[in-house]
file run.tsv (TSV, C-alpha atoms and all ligand atoms)
chain	number	residue	atom	x	y	z
P	178	MET	CA	118.12	-24.42	35.19
P	179	SER	CA	119.81	-27.85	35.33
P	180	GLY	CA	118.08	-30.93	33.90
P	181	LYS	CA	117.57	-32.36	37.39
P	182	ARG	CA	116.10	-29.10	38.67
P	183	LYS	CA	113.77	-28.89	35.68
P	184	ARG	CA	112.57	-32.44	36.28
P	185	VAL	CA	111.87	-31.71	39.94
P	186	SER	CA	109.97	-28.56	38.99
P	187	GLN	CA	107.78	-30.44	36.57
P	188	LEU	CA	107.02	-33.20	39.01
P	189	THR	CA	106.29	-30.89	41.88
P	190	ALA	CA	103.65	-28.97	39.92
P	191	THR	CA	101.64	-32.18	39.80
P	192	ALA	CA	102.69	-33.77	43.07
P	193	TRP	CA	102.30	-30.59	45.08
P	194	GLY	CA	98.75	-30.13	43.79
P	195	ALA	CA	97.93	-33.76	44.55
P	196	ALA	CA	99.34	-33.48	48.04
P	197	ARG	CA	97.34	-30.33	48.82
P	198	GLY	CA	94.20	-31.93	47.42
P	199	ALA	CA	94.65	-35.00	49.56
P	200	TRP	CA	95.11	-32.95	52.73
P	201	THR	CA	92.07	-30.78	52.17
P	202	SER	CA	89.81	-33.73	51.31
P	203	ALA	CA	90.92	-35.90	54.21
P	204	TYR	CA	88.20	-34.92	56.66
P	205	ALA	CA	85.53	-34.78	53.97
P	206	SER	CA	86.24	-38.35	52.87
P	207	ARG	CA	86.05	-39.52	56.49
P	208	LEU	CA	82.63	-37.94	56.84
P	209	VAL	CA	81.31	-39.31	53.56
P	210	ALA	CA	82.43	-42.80	54.51
P	211	GLY	CA	80.54	-44.77	57.05
P	212	VAL	CA	79.44	-48.20	55.98
P	213	ARG	CA	78.43	-50.16	59.04
P	214	GLY	CA	79.67	-53.70	59.35
P	215	GLY	CA	81.58	-55.26	62.21
P	216	GLY	CA	84.82	-57.13	62.29
P	217	CYS	CA	87.82	-57.45	64.50
P	218	ALA	CA	90.52	-54.85	64.91
P	219	VAL	CA	94.11	-54.87	63.71
P	220	LEU	CA	95.84	-52.10	65.64
P	221	ARG	CA	98.55	-50.06	63.93
P	222	TYR	CA	101.33	-48.64	66.12
P	223	HIS	CA	104.67	-47.10	65.16
P	224	SER	CA	106.72	-46.09	68.18
P	225	VAL	CA	106.61	-46.61	71.97
P	226	ASN	CA	108.95	-44.09	73.53
P	227	ASP	CA	109.20	-41.54	76.34
P	228	ASP	CA	112.00	-39.37	74.94
P	229	PRO	CA	110.68	-35.93	73.89
P	230	VAL	CA	113.67	-35.42	71.57
P	231	TRP	CA	112.82	-38.62	69.72
P	232	ALA	CA	109.19	-37.49	69.37
P	233	ARG	CA	110.23	-34.18	67.87
P	234	ASP	CA	113.47	-34.53	65.91
P	235	TYR	CA	113.18	-38.14	64.70
P	236	VAL	CA	109.51	-39.08	64.29
P	237	SER	CA	106.20	-37.27	64.42
P	238	PRO	CA	104.92	-36.92	67.98
P	239	LYS	CA	101.56	-38.11	66.65
P	240	ILE	CA	102.85	-41.66	66.17
P	241	VAL	CA	104.62	-42.01	69.52
P	242	VAL	CA	102.83	-43.68	72.44
P	243	ARG	CA	104.48	-43.49	75.85
P	244	PRO	CA	105.46	-46.82	77.49
P	245	GLU	CA	103.08	-46.38	80.43
P	246	GLU	CA	100.25	-45.65	78.01
P	247	PHE	CA	101.07	-48.73	75.94
P	248	ASP	CA	101.22	-50.80	79.14
P	249	ALA	CA	97.74	-49.59	80.12
P	250	GLN	CA	96.39	-50.24	76.63
P	251	LEU	CA	97.67	-53.82	76.72
P	252	ALA	CA	96.08	-54.32	80.14
P	253	TYR	CA	92.76	-53.03	78.75
P	254	LEU	CA	93.00	-55.33	75.73
P	255	GLY	CA	93.76	-58.26	78.03
P	256	GLU	CA	90.61	-57.58	80.06
P	257	ARG	CA	88.15	-56.78	77.27
P	258	HIS	CA	89.48	-58.51	74.16
P	259	THR	CA	91.50	-61.49	72.99
P	260	VAL	CA	94.83	-60.50	71.51
P	261	VAL	CA	95.63	-63.00	68.76
P	262	PRO	CA	98.43	-63.35	66.19
P	263	LEU	CA	97.67	-61.59	62.92
P	264	SER	CA	97.93	-64.96	61.16
P	265	GLN	CA	94.82	-66.14	63.05
P	266	ILE	CA	92.77	-63.29	61.57
P	267	VAL	CA	94.28	-63.85	58.12
P	268	SER	CA	93.36	-67.55	58.27
P	269	ALA	CA	89.74	-66.64	59.03
P	270	MET	CA	89.68	-64.12	56.16
P	271	VAL	CA	91.16	-66.63	53.71
P	272	ALA	CA	88.56	-69.22	54.75
P	273	GLY	CA	85.74	-66.68	54.45
P	274	ARG	CA	84.91	-67.05	58.15
P	275	VAL	CA	83.77	-64.16	60.29
P	276	PRO	CA	86.59	-63.36	62.73
P	277	ASP	CA	85.53	-63.22	66.36
P	278	PRO	CA	84.77	-59.54	67.01
P	279	ARG	CA	86.67	-59.74	70.31
P	280	TRP	CA	89.88	-60.57	68.50
P	281	VAL	CA	92.53	-57.85	68.30
P	282	ALA	CA	95.89	-58.12	66.53
P	283	ILE	CA	98.72	-55.73	67.34
P	284	THR	CA	101.02	-54.48	64.56
P	285	PHE	CA	103.92	-52.02	64.37
P	286	ASP	CA	105.13	-50.25	61.22
P	287	ASP	CA	108.64	-49.19	60.16
P	288	GLY	CA	110.91	-51.12	62.59
P	289	TYR	CA	112.02	-48.45	65.11
P	290	GLU	CA	114.51	-49.55	67.76
P	291	ASP	CA	112.09	-48.76	70.59
P	292	ASN	CA	109.86	-51.56	69.27
P	293	TYR	CA	112.40	-54.02	70.68
P	294	ARG	CA	113.62	-52.02	73.67
P	295	LEU	CA	110.23	-50.95	75.04
P	296	ALA	CA	107.20	-52.37	73.16
P	297	TYR	CA	108.47	-55.96	72.99
P	298	ARG	CA	109.27	-55.94	76.72
P	299	LEU	CA	105.72	-54.85	77.56
P	300	LEU	CA	104.17	-57.32	75.12
P	301	ARG	CA	106.09	-60.11	76.87
P	302	LYS	CA	104.93	-58.86	80.26
P	303	HIS	CA	101.32	-59.23	79.07
P	304	ASN	CA	102.08	-62.43	77.13
P	305	MET	CA	100.72	-60.97	73.91
P	306	PRO	CA	101.90	-61.48	70.30
P	307	ALA	CA	102.45	-58.75	67.74
P	308	THR	CA	103.60	-58.35	64.16
P	309	PHE	CA	106.45	-55.94	63.36
P	310	TYR	CA	106.65	-54.66	59.77
P	311	VAL	CA	110.23	-53.72	58.98
P	312	THR	CA	111.64	-51.34	56.33
P	313	THR	CA	114.50	-53.62	55.40
P	314	GLY	CA	116.87	-51.10	53.80
P	315	CYS	CA	116.98	-49.34	57.18
P	316	VAL	CA	117.63	-52.35	59.45
P	317	ALA	CA	120.40	-51.45	61.93
P	318	ASP	CA	120.51	-47.99	60.30
P	319	ALA	CA	122.19	-49.27	57.14
P	320	GLU	CA	120.25	-46.35	55.69
P	321	ILE	CA	118.20	-43.81	57.64
P	322	LEU	CA	114.49	-43.89	56.80
P	323	TRP	CA	113.75	-40.91	54.53
P	324	THR	CA	110.94	-39.62	56.73
P	325	VAL	CA	113.41	-39.47	59.63
P	326	ARG	CA	116.08	-37.78	57.49
P	327	ILE	CA	113.70	-35.02	56.40
P	328	ARG	CA	112.33	-34.44	59.91
P	329	PHE	CA	115.75	-34.44	61.56
P	330	ALA	CA	117.17	-31.95	59.03
P	331	LEU	CA	114.24	-29.53	59.32
P	332	MET	CA	114.04	-29.77	63.10
P	333	THR	CA	117.75	-29.39	63.86
P	334	THR	CA	119.03	-27.00	61.21
P	335	THR	CA	120.22	-23.65	62.55
P	336	ARG	CA	118.54	-21.94	59.59
P	337	THR	CA	115.30	-20.05	60.22
P	338	GLU	CA	114.15	-20.41	56.62
P	339	ILE	CA	115.25	-22.49	53.64
P	340	LEU	CA	115.00	-22.15	49.90
P	341	CYS	CA	114.01	-25.13	47.76
P	342	PRO	CA	113.36	-23.41	44.43
P	343	SER	CA	112.39	-26.59	42.59
P	344	ILE	CA	109.79	-27.42	45.22
P	345	THR	CA	108.26	-24.26	46.63
P	346	PRO	CA	107.99	-20.81	45.06
P	347	GLY	CA	109.29	-18.92	48.10
P	348	PRO	CA	111.28	-19.55	51.29
P	349	MET	CA	109.98	-22.12	53.77
P	350	ASP	CA	109.62	-20.65	57.25
P	351	LEU	CA	111.51	-22.48	60.01
P	352	SER	CA	111.44	-19.68	62.57
P	353	SER	CA	109.38	-21.53	65.21
P	354	PRO	CA	108.72	-25.13	66.30
P	355	ASP	CA	105.24	-24.96	64.76
P	356	ALA	CA	106.62	-23.65	61.48
P	357	ARG	CA	109.17	-26.48	61.40
P	358	GLU	CA	106.44	-29.04	62.06
P	359	ARG	CA	104.40	-27.57	59.19
P	360	ALA	CA	107.44	-27.77	56.91
P	361	VAL	CA	107.96	-31.43	57.83
P	362	GLN	CA	104.32	-32.21	57.05
P	363	CYS	CA	104.47	-30.35	53.72
P	364	PHE	CA	107.67	-31.94	52.48
P	365	THR	CA	106.85	-35.43	53.72
P	366	GLY	CA	103.43	-35.27	52.08
P	367	LEU	CA	105.03	-34.15	48.86
P	368	VAL	CA	107.55	-37.01	48.75
P	369	LYS	CA	104.71	-39.50	49.24
P	370	HIS	CA	103.31	-38.35	45.90
P	371	CYS	CA	106.59	-38.83	44.04
P	372	SER	CA	107.98	-41.77	42.12
P	373	GLN	CA	111.25	-43.25	43.38
P	374	ALA	CA	113.63	-41.15	41.27
P	375	GLU	CA	111.60	-38.00	41.89
P	376	ALA	CA	111.50	-38.70	45.62
P	377	ASP	CA	115.29	-39.07	45.75
P	378	ASP	CA	115.73	-35.68	44.01
P	379	VAL	CA	113.26	-33.93	46.29
P	380	ILE	CA	114.77	-35.42	49.45
P	381	ALA	CA	118.28	-34.42	48.34
P	382	GLU	CA	117.18	-30.84	47.67
P	383	ILE	CA	115.52	-30.52	51.10
P	384	LEU	CA	118.54	-31.96	52.92
P	385	ASP	CA	120.95	-29.70	50.97
P	386	ALA	CA	118.87	-26.65	51.83
P	387	CYS	CA	119.08	-27.44	55.55
P	388	LEU	CA	122.90	-27.52	55.53
P	389	PRO	CA	124.93	-26.48	57.37
P	390	GLY	CA	123.73	-26.66	60.91
P	391	CYS	CA	122.07	-30.06	61.18
P	392	GLY	CA	123.49	-31.91	64.13
P	393	PRO	CA	124.60	-35.54	63.84
P	394	MET	CA	122.02	-38.11	64.90
P	395	SER	CA	122.89	-39.34	68.37
P	396	GLN	CA	120.30	-42.10	68.57
P	397	ARG	CA	119.97	-45.40	66.79
P	398	VAL	CA	116.78	-45.33	64.73
P	399	MET	CA	116.01	-48.92	63.73
P	400	MET	CA	116.14	-52.45	65.18
P	401	ASN	CA	119.03	-54.74	64.26
P	402	PRO	CA	119.04	-58.39	63.06
P	403	ASP	CA	119.76	-59.88	66.52
P	404	GLU	CA	116.78	-58.07	67.99
P	405	LEU	CA	114.50	-59.23	65.17
P	406	ARG	CA	115.65	-62.85	65.60
P	407	GLU	CA	115.06	-62.77	69.36
P	408	MET	CA	111.58	-61.35	68.90
P	409	GLU	CA	110.64	-64.05	66.40
P	410	ARG	CA	112.02	-66.77	68.70
P	411	ASN	CA	109.68	-65.49	71.41
P	412	GLY	CA	106.45	-65.50	69.47
P	413	MET	CA	106.52	-62.21	67.54
P	414	ALA	CA	106.05	-62.16	63.76
P	415	ILE	CA	108.31	-60.07	61.54
P	416	GLY	CA	106.80	-58.77	58.29
P	417	GLY	CA	107.95	-56.77	55.28
P	418	HIS	CA	107.35	-53.05	54.89
P	419	SER	CA	109.26	-52.61	51.58
P	420	VAL	CA	112.96	-51.82	51.28
P	421	HIS	CA	112.90	-48.00	51.09
P	422	HIS	CA	109.39	-46.95	52.18
P	423	TYR	CA	108.41	-45.36	48.86
P	424	ASN	CA	104.78	-45.07	47.83
P	425	LEU	CA	104.42	-48.37	45.99
P	426	PRO	CA	101.59	-47.61	43.51
P	427	LEU	CA	103.84	-44.97	41.96
P	428	LEU	CA	106.66	-47.42	41.18
P	429	GLU	CA	107.18	-49.17	37.87
P	430	ASP	CA	106.95	-52.96	37.81
P	431	GLY	CA	110.66	-53.72	38.24
P	432	ALA	CA	111.16	-51.28	41.09
P	433	LEU	CA	107.95	-52.50	42.74
P	434	ARG	CA	109.19	-56.09	42.67
P	435	ASP	CA	112.54	-55.02	44.14
P	436	GLU	CA	110.77	-53.29	47.01
P	437	VAL	CA	108.33	-56.11	47.79
P	438	LEU	CA	110.29	-59.28	47.09
P	439	GLY	CA	113.54	-57.60	48.17
P	440	ALA	CA	112.17	-57.03	51.67
P	441	LYS	CA	111.12	-60.67	52.02
P	442	SER	CA	114.40	-62.00	50.65
P	443	PHE	CA	116.41	-59.79	53.00
P	444	LEU	CA	114.50	-60.87	56.11
P	445	GLU	CA	114.52	-64.56	55.19
P	446	ASP	CA	117.86	-65.09	53.47
P	447	ARG	CA	120.04	-62.53	55.27
P	448	ILE	CA	118.51	-62.61	58.75
P	449	GLY	CA	116.97	-66.09	58.83
P	450	LEU	CA	113.38	-65.16	59.62
P	451	HIS	CA	110.11	-66.65	58.36
P	452	VAL	CA	108.09	-63.87	56.71
P	453	GLU	CA	104.44	-64.13	55.66
P	454	HIS	CA	102.93	-60.67	56.11
P	455	PHE	CA	103.44	-57.29	54.46
P	456	ALA	CA	102.30	-53.75	55.26
P	457	TYR	CA	102.02	-51.07	52.57
P	458	PRO	CA	104.25	-48.09	53.45
P	459	ASN	CA	102.81	-44.57	53.77
P	460	GLY	CA	99.12	-44.10	53.42
P	461	ARG	CA	95.92	-43.23	55.16
P	462	LYS	CA	94.73	-40.35	53.02
P	463	ASP	CA	97.40	-40.95	50.36
P	464	ARG	CA	96.79	-43.69	47.81
P	465	HIS	CA	99.30	-46.25	48.98
P	466	CYS	CA	97.81	-49.58	47.89
P	467	ASP	CA	96.04	-51.02	44.85
P	468	ALA	CA	95.39	-54.30	43.03
P	469	ARG	CA	98.67	-54.18	41.07
P	470	VAL	CA	100.76	-53.83	44.23
P	471	ALA	CA	98.65	-56.47	46.02
P	472	THR	CA	99.24	-58.91	43.16
P	473	GLU	CA	102.99	-58.35	43.39
P	474	ILE	CA	102.84	-58.93	47.15
P	475	ALA	CA	101.07	-62.28	46.65
P	476	ARG	CA	103.48	-63.23	43.85
P	477	SER	CA	106.39	-62.56	46.18
P	478	GLY	CA	105.07	-65.16	48.61
P	479	TYR	CA	103.37	-63.10	51.31
P	480	ILE	CA	99.91	-64.28	52.43
P	481	SER	CA	98.57	-60.94	53.66
P	482	ALA	CA	99.01	-57.19	53.33
P	483	SER	CA	97.88	-54.57	55.84
P	484	THR	CA	96.89	-51.06	54.82
P	485	SER	CA	96.75	-47.77	56.70
P	486	ILE	CA	93.06	-47.37	55.88
P	487	SER	CA	90.96	-47.26	59.02
P	488	GLY	CA	88.37	-49.96	59.49
P	489	PRO	CA	87.65	-53.50	60.66
P	490	ALA	CA	89.20	-56.70	59.37
P	491	GLY	CA	86.28	-58.88	58.54
P	492	PRO	CA	84.35	-60.93	56.05
P	493	GLY	CA	84.28	-59.56	52.54
P	494	HIS	CA	87.76	-58.07	52.86
P	495	SER	CA	90.75	-59.30	50.93
P	496	PRO	CA	93.64	-60.56	53.08
P	497	PHE	CA	95.76	-58.34	50.79
P	498	GLY	CA	93.82	-55.23	51.78
P	499	ILE	CA	93.42	-55.44	55.56
P	500	PRO	CA	92.16	-52.21	57.14
P	501	ARG	CA	93.68	-51.31	60.49
P	502	VAL	CA	92.90	-49.04	63.42
P	503	GLY	CA	95.65	-46.50	64.00
P	504	VAL	CA	96.71	-45.71	67.57
P	505	SER	CA	98.13	-42.23	67.93
P	506	ALA	CA	99.41	-40.07	70.74
P	507	ARG	CA	96.23	-38.02	70.48
P	508	ARG	CA	94.05	-40.86	71.77
P	509	VAL	CA	96.02	-42.24	74.65
P	510	ASP	CA	93.65	-41.85	77.60
P	511	MET	CA	91.80	-45.11	78.04
P	512	ARG	CA	88.38	-43.72	77.16
P	513	SER	CA	89.65	-42.34	73.84
P	514	PHE	CA	91.62	-45.50	73.13
P	515	ALA	CA	88.52	-47.64	73.69
P	516	ALA	CA	86.32	-45.31	71.61
P	517	ASN	CA	88.84	-45.26	68.78
P	518	LEU	CA	89.06	-49.05	68.83
P	519	GLN	CA	85.29	-49.42	68.77
P	520	HIS	CA	84.83	-46.82	66.04
P	521	GLY	CA	87.52	-48.40	63.88
P	522	ARG	CA	86.08	-51.85	64.43
P	523	LEU	CA	82.60	-50.85	63.32
P	524	THR	CA	83.03	-48.19	60.67
P	525	ARG	CA	84.59	-48.83	57.35
P	526	PRO	CA	85.37	-45.83	55.16
P	527	HIS	CA	84.67	-45.90	51.47
P	528	SER	CA	88.02	-46.70	49.86
P	529	PRO	CA	88.60	-47.02	46.11
P	530	SER	CA	91.95	-48.68	46.89
P	531	LEU	CA	90.37	-51.45	48.97
P	532	ALA	CA	87.62	-51.94	46.39
P	533	ASP	CA	90.26	-52.26	43.67
P	534	ILE	CA	92.15	-54.90	45.69
P	535	GLU	CA	89.00	-56.85	46.45
P	536	ARG	CA	87.81	-56.73	42.84
P	537	ASN	CA	91.03	-56.99	40.84
P	538	GLY	CA	93.67	-58.18	43.31
P	539	PRO	CA	94.91	-61.67	44.10
P	540	PRO	CA	92.35	-64.32	45.07
P	541	ARG	CA	91.91	-65.39	48.70
P	542	GLY	CA	94.54	-67.91	49.63
P	543	ALA	CA	97.05	-66.58	47.09
P	544	GLY	CA	100.64	-66.08	48.14
P	545	GLY	CA	102.68	-68.44	50.23
P	546	ASN	CA	104.78	-70.46	47.86
P	547	GLU	CA	104.19	-68.65	44.62
P	548	VAL	CA	107.57	-67.01	44.22
P	549	ALA	CA	108.60	-67.32	40.57
T	601	ZN	ZN	105.73	-47.00	57.47

call {"tool": "encode", "arguments": {"input": "run.tsv", "output": "structure tokens", "more": "lines below"}}
Ligand SMILES: [Zn+2]
result
Amino acid sequence: MSGKRKRVSQLTATAWGAARGAWTSAYASRLVAGVRGGGCAVLRYHSVNDDPVWARDYVSPKIVVRPEEFDAQLAYLGERHTVVPLSQIVSAMVAGRVPDPRWVAITFDDGYEDNYRLAYRLLRKHNMPATFYVTTGCVADAEILWTVRIRFALMTTTRTEILCPSITPGPMDLSSPDARERAVQCFTGLVKHCSQAEADDVIAEILDACLPGCGPMSQRVMMNPDELREMERNGMAIGGHSVHHYNLPLLEDGALRDEVLGAKSFLEDRIGLHVEHFAYPNGRKDRHCDARVATEIARSGYISASTSISGPAGPGHSPFGIPRVGVSARRVDMRSFAANLQHGRLTRPHSPSLADIERNGPPRGAGGNEVA
């Protein structure tokens, strides 16, 4: 066994177990949760798209909302709520004020090209602001986001099973669309539990195993600098979402700084944007944020950081640990959308990560001009 293979085997014994544990405990932790306390809602979107190939081969169908659904959701928010810039909610949190419970902020993670082509157009139609968190290493497809690379390889390979001996004991079934979707979930979950070097090895082994037979990508994946500049000129905020979308708590200090400060420097110095907000990559049931990462975010000059933990943004929360309400393709009819918004706004799950940030993270009002 080569040294690299041996290292991957050792890591996967731990990471695989952690990943399985996280999946099985996900629903239990949601049930245990439940601390009542209102706040306003920061919505978390990823993709607005009506192409079924995109929502199968490129990104999970769960994170894709169709344009007509997004249009209807914005109309609902315009009637029942006040859509405000994220910075307005952050200002209230920094000042210790209770945000108006009618306030809603709209955010997008990752930086997919449909954010400009479809979501931005609809936001302008409704005259609403939003914040777009961009994975900067992937701007204009300089690099393809690793989650997209894994999904595309597993979905388009002509193989009906693959062998990844360092990762799984037996062959991984790819003989049906459902089996491929399960493989994507398994491998993606595993990478989220790996450090940077480990993640690179695991991703390379999965991609190698899918060859030959993966078609070339025919679609652009991410927004480009001109699109980001135009959006900012017209009232949208652009935020950082790290450089490579690794799970930040698993990175060592130097690599963490490169991911956090590197994203801000790229957007400001290379593209000419003004960047104040950050969103932790990955997450929900995976531990994706903590006080150490939050401190690095503040030190890099950001004034807020949004998580993927469901709940309200309100008093008592750190601006470096903002819960959000995820919007998925499973809750697109207006009744479900409204119920999800209300549930997320009122119910805050117990989260050790948020407690760590609030207790040991940067003080309110940190960030801004603190870059060393
Ligand atoms: Zn992301």

call {"tool": "closest_residue", "arguments": {"input": "run.tsv", "among": "P:Asp467, P:Asp287, P:Glu436, P:Glu445", "to": "ligand ZN 601 (chain T)", "atoms": "only C-alpha atoms and all ligand atoms"}}
result
P:Asp287

call {"tool": "atom_distance", "arguments": {"input": "run.tsv", "atom1": "CA of Tyr297 (chain P)", "atom2": "CA of Ile240 (chain P)"}}
result
16.8 Å

call {"tool": "residues_around", "arguments": {"input": "run.tsv", "residues": "Val281 (chain P)", "least_positions_apart": "3", "cutoff": "12 Å", "atoms": "all atoms listed in the file", "output": "ChimeraX atom specification"}}
result
/P:216-221,250-251,253-267,276-278,284,305-308,489-491,501-502,518-519,521-522

call {"tool": "write_last_selection", "arguments": {"input": "run.tsv", "atoms": "C-alpha atoms", "output": "mmCIF file, in the frame of the given file"}}
result
data_model
loop_
_atom_site.group_PDB
_atom_site.id
_atom_site.type_symbol
_atom_site.label_atom_id
_atom_site.label_comp_id
_atom_site.auth_asym_id
_atom_site.auth_seq_id
_atom_site.Cartn_x
_atom_site.Cartn_y
_atom_site.Cartn_z
ATOM 1 C CA GLY P 216 84.820 -57.130 62.290
ATOM 2 C CA CYS P 217 87.820 -57.450 64.500
ATOM 3 C CA ALA P 218 90.520 -54.850 64.910
ATOM 4 C CA VAL P 219 94.110 -54.870 63.710
ATOM 5 C CA LEU P 220 95.840 -52.100 65.640
ATOM 6 C CA ARG P 221 98.550 -50.060 63.930
ATOM 7 C CA GLN P 250 96.390 -50.240 76.630
ATOM 8 C CA LEU P 251 97.670 -53.820 76.720
ATOM 9 C CA TYR P 253 92.760 -53.030 78.750
ATOM 10 C CA LEU P 254 93.000 -55.330 75.730
ATOM 11 C CA GLY P 255 93.760 -58.260 78.030
ATOM 12 C CA GLU P 256 90.610 -57.580 80.060
ATOM 13 C CA ARG P 257 88.150 -56.780 77.270
ATOM 14 C CA HIS P 258 89.480 -58.510 74.160
ATOM 15 C CA THR P 259 91.500 -61.490 72.990
ATOM 16 C CA VAL P 260 94.830 -60.500 71.510
ATOM 17 C CA VAL P 261 95.630 -63.000 68.760
ATOM 18 C CA PRO P 262 98.430 -63.350 66.190
ATOM 19 C CA LEU P 263 97.670 -61.590 62.920
ATOM 20 C CA SER P 264 97.930 -64.960 61.160
ATOM 21 C CA GLN P 265 94.820 -66.140 63.050
ATOM 22 C CA ILE P 266 92.770 -63.290 61.570
ATOM 23 C CA VAL P 267 94.280 -63.850 58.120
ATOM 24 C CA PRO P 276 86.590 -63.360 62.730
ATOM 25 C CA ASP P 277 85.530 -63.220 66.360
ATOM 26 C CA PRO P 278 84.770 -59.540 67.010
ATOM 27 C CA THR P 284 101.020 -54.480 64.560
ATOM 28 C CA MET P 305 100.720 -60.970 73.910
ATOM 29 C CA PRO P 306 101.900 -61.480 70.300
ATOM 30 C CA ALA P 307 102.450 -58.750 67.740
ATOM 31 C CA THR P 308 103.600 -58.350 64.160
ATOM 32 C CA PRO P 489 87.650 -53.500 60.660
ATOM 33 C CA ALA P 490 89.200 -56.700 59.370
ATOM 34 C CA GLY P 491 86.280 -58.880 58.540
ATOM 35 C CA ARG P 501 93.680 -51.310 60.490
ATOM 36 C CA VAL P 502 92.900 -49.040 63.420
ATOM 37 C CA LEU P 518 89.060 -49.050 68.830
ATOM 38 C CA GLN P 519 85.290 -49.420 68.770
ATOM 39 C CA GLY P 521 87.520 -48.400 63.880
ATOM 40 C CA ARG P 522 86.080 -51.850 64.430
#

call {"tool": "atom_distance", "arguments": {"input": "run.tsv", "atom1": "CA of Asn292 (chain P)", "atom2": "CA of Thr484 (chain P)"}}
result
19.4 Å

call {"tool": "atom_distance", "arguments": {"input": "run.tsv", "atom1": "CA of Arg397 (chain P)", "atom2": "CA of Pro238 (chain P)"}}
result
17.3 Å

call {"tool": "residues_near_point", "arguments": {"input": "run.tsv", "point": "(109.7, -40.6, 39.8)", "cutoff": "10 Å", "atoms": "only C-alpha atoms", "output": "list in words"}}
result
Arg184, Val185, Leu188, Val368, His370, Cys371, Ser372, Gln373, Ala374, Glu375, Ala376, Asp377, Asp378, Val379, Leu427, Leu428 and Glu429 of chain P

call {"tool": "residues_near_ligand", "arguments": {"input": "run.tsv", "ligand": "ligand ZN 601 (chain T)", "cutoff": "12 Å", "atoms": "only C-alpha atoms and all ligand atoms", "output": "JSON, numbers by chain"}}
result
{"P": [221, 222, 223, 224, 236, 237, 240, 284, 285, 286, 287, 288, 289, 309, 310, 311, 312, 313, 315, 322, 323, 324, 325, 369, 416, 417, 418, 419, 420, 421, 422, 423, 424, 425, 455, 456, 457, 458, 459, 460, 461, 465, 483, 484, 485]}

call {"tool": "closest_residue", "arguments": {"input": "run.tsv", "among": "P:Ser530, P:Thr333, P:Met511, P:Arg434", "to": "Ala249 (chain P)", "atoms": "only C-alpha atoms"}}
result
P:Met511

call {"tool": "residues_near_point", "arguments": {"input": "run.tsv", "point": "(95.7, -55.4, 46.8)", "cutoff": "8 Å", "atoms": "only C-alpha atoms", "output": "list in words"}}
result
Cys466, Asp467, Ala468, Arg469, Val470, Ala471, Thr472, Ile474, Ala482, Ser495, Phe497, Gly498, Ser530, Leu531, Asp533, Ile534, Glu535, Asn537, Gly538 and Pro539 of chain P

call {"tool": "write_last_selection", "arguments": {"input": "run.tsv", "atoms": "C-alpha atoms", "output": "PDB file, in the coordinates of the input"}}
result
ATOM      1  CA  CYS P 466      97.810 -49.580  47.890  1.00  0.00           C
ATOM      2  CA  ASP P 467      96.040 -51.020  44.850  1.00  0.00           C
ATOM      3  CA  ALA P 468      95.390 -54.300  43.030  1.00  0.00           C
ATOM      4  CA  ARG P 469      98.670 -54.180  41.070  1.00  0.00           C
ATOM      5  CA  VAL P 470     100.760 -53.830  44.230  1.00  0.00           C
ATOM      6  CA  ALA P 471      98.650 -56.470  46.020  1.00  0.00           C
ATOM      7  CA  THR P 472      99.240 -58.910  43.160  1.00  0.00           C
ATOM      8  CA  ILE P 474     102.840 -58.930  47.150  1.00  0.00           C
ATOM      9  CA  ALA P 482      99.010 -57.190  53.330  1.00  0.00           C
ATOM     10  CA  SER P 495      90.750 -59.300  50.930  1.00  0.00           C
ATOM     11  CA  PHE P 497      95.760 -58.340  50.790  1.00  0.00           C
ATOM     12  CA  GLY P 498      93.820 -55.230  51.780  1.00  0.00           C
ATOM     13  CA  SER P 530      91.950 -48.680  46.890  1.00  0.00           C
ATOM     14  CA  LEU P 531      90.370 -51.450  48.970  1.00  0.00           C
ATOM     15  CA  ASP P 533      90.260 -52.260  43.670  1.00  0.00           C
ATOM     16  CA  ILE P 534      92.150 -54.900  45.690  1.00  0.00           C
ATOM     17  CA  GLU P 535      89.000 -56.850  46.450  1.00  0.00           C
ATOM     18  CA  ASN P 537      91.030 -56.990  40.840  1.00  0.00           C
ATOM     19  CA  GLY P 538      93.670 -58.180  43.310  1.00  0.00           C
ATOM     20  CA  PRO P 539      94.910 -61.670  44.100  1.00  0.00           C
TER      21      PRO P 539
END

call {"tool": "closest_residue", "arguments": {"input": "run.tsv", "among": "P:Met408, P:Ala516, P:Leu351, P:Ala532", "to": "His494 (chain P)", "atoms": "only C-alpha atoms"}}
result
P:Ala532

call {"tool": "closest_residue", "arguments": {"input": "run.tsv", "among": "P:Val398, P:Ala386, P:Ala232, P:Ala475", "to": "Glu320 (chain P)", "atoms": "only C-alpha atoms"}}
result
P:Val398

call {"tool": "closest_residue", "arguments": {"input": "run.tsv", "among": "P:Glu473, P:Glu246, P:Glu407, P:Asp291", "to": "Asp430 (chain P)", "atoms": "only C-alpha atoms"}}
result
P:Glu473

call {"tool": "residues_around", "arguments": {"input": "run.tsv", "residues": "Leu405 (chain P)", "least_positions_apart": "6", "cutoff": "9 Å", "atoms": "all atoms listed in the file", "output": "MDAnalysis selection string"}}
result
chainID P and resid 293 309 413 415 448 450

call {"tool": "closest_residue", "arguments": {"input": "run.tsv", "among": "P:Val242, P:Cys387, P:Met400, P:Ala252", "to": "Pro229 (chain P)", "atoms": "all atoms listed in the file"}}
result
P:Val242

call {"tool": "axis_aligned_box", "arguments": {"input": "run.tsv", "around": "region 303-322 of chain P", "padding_each_side": "6 Å", "output": "JSON"}}
result
{"center_x": 111.5, "center_y": -53.1, "center_z": 66.4, "size_x": 33.5, "size_y": 30.6, "size_z": 37.3}
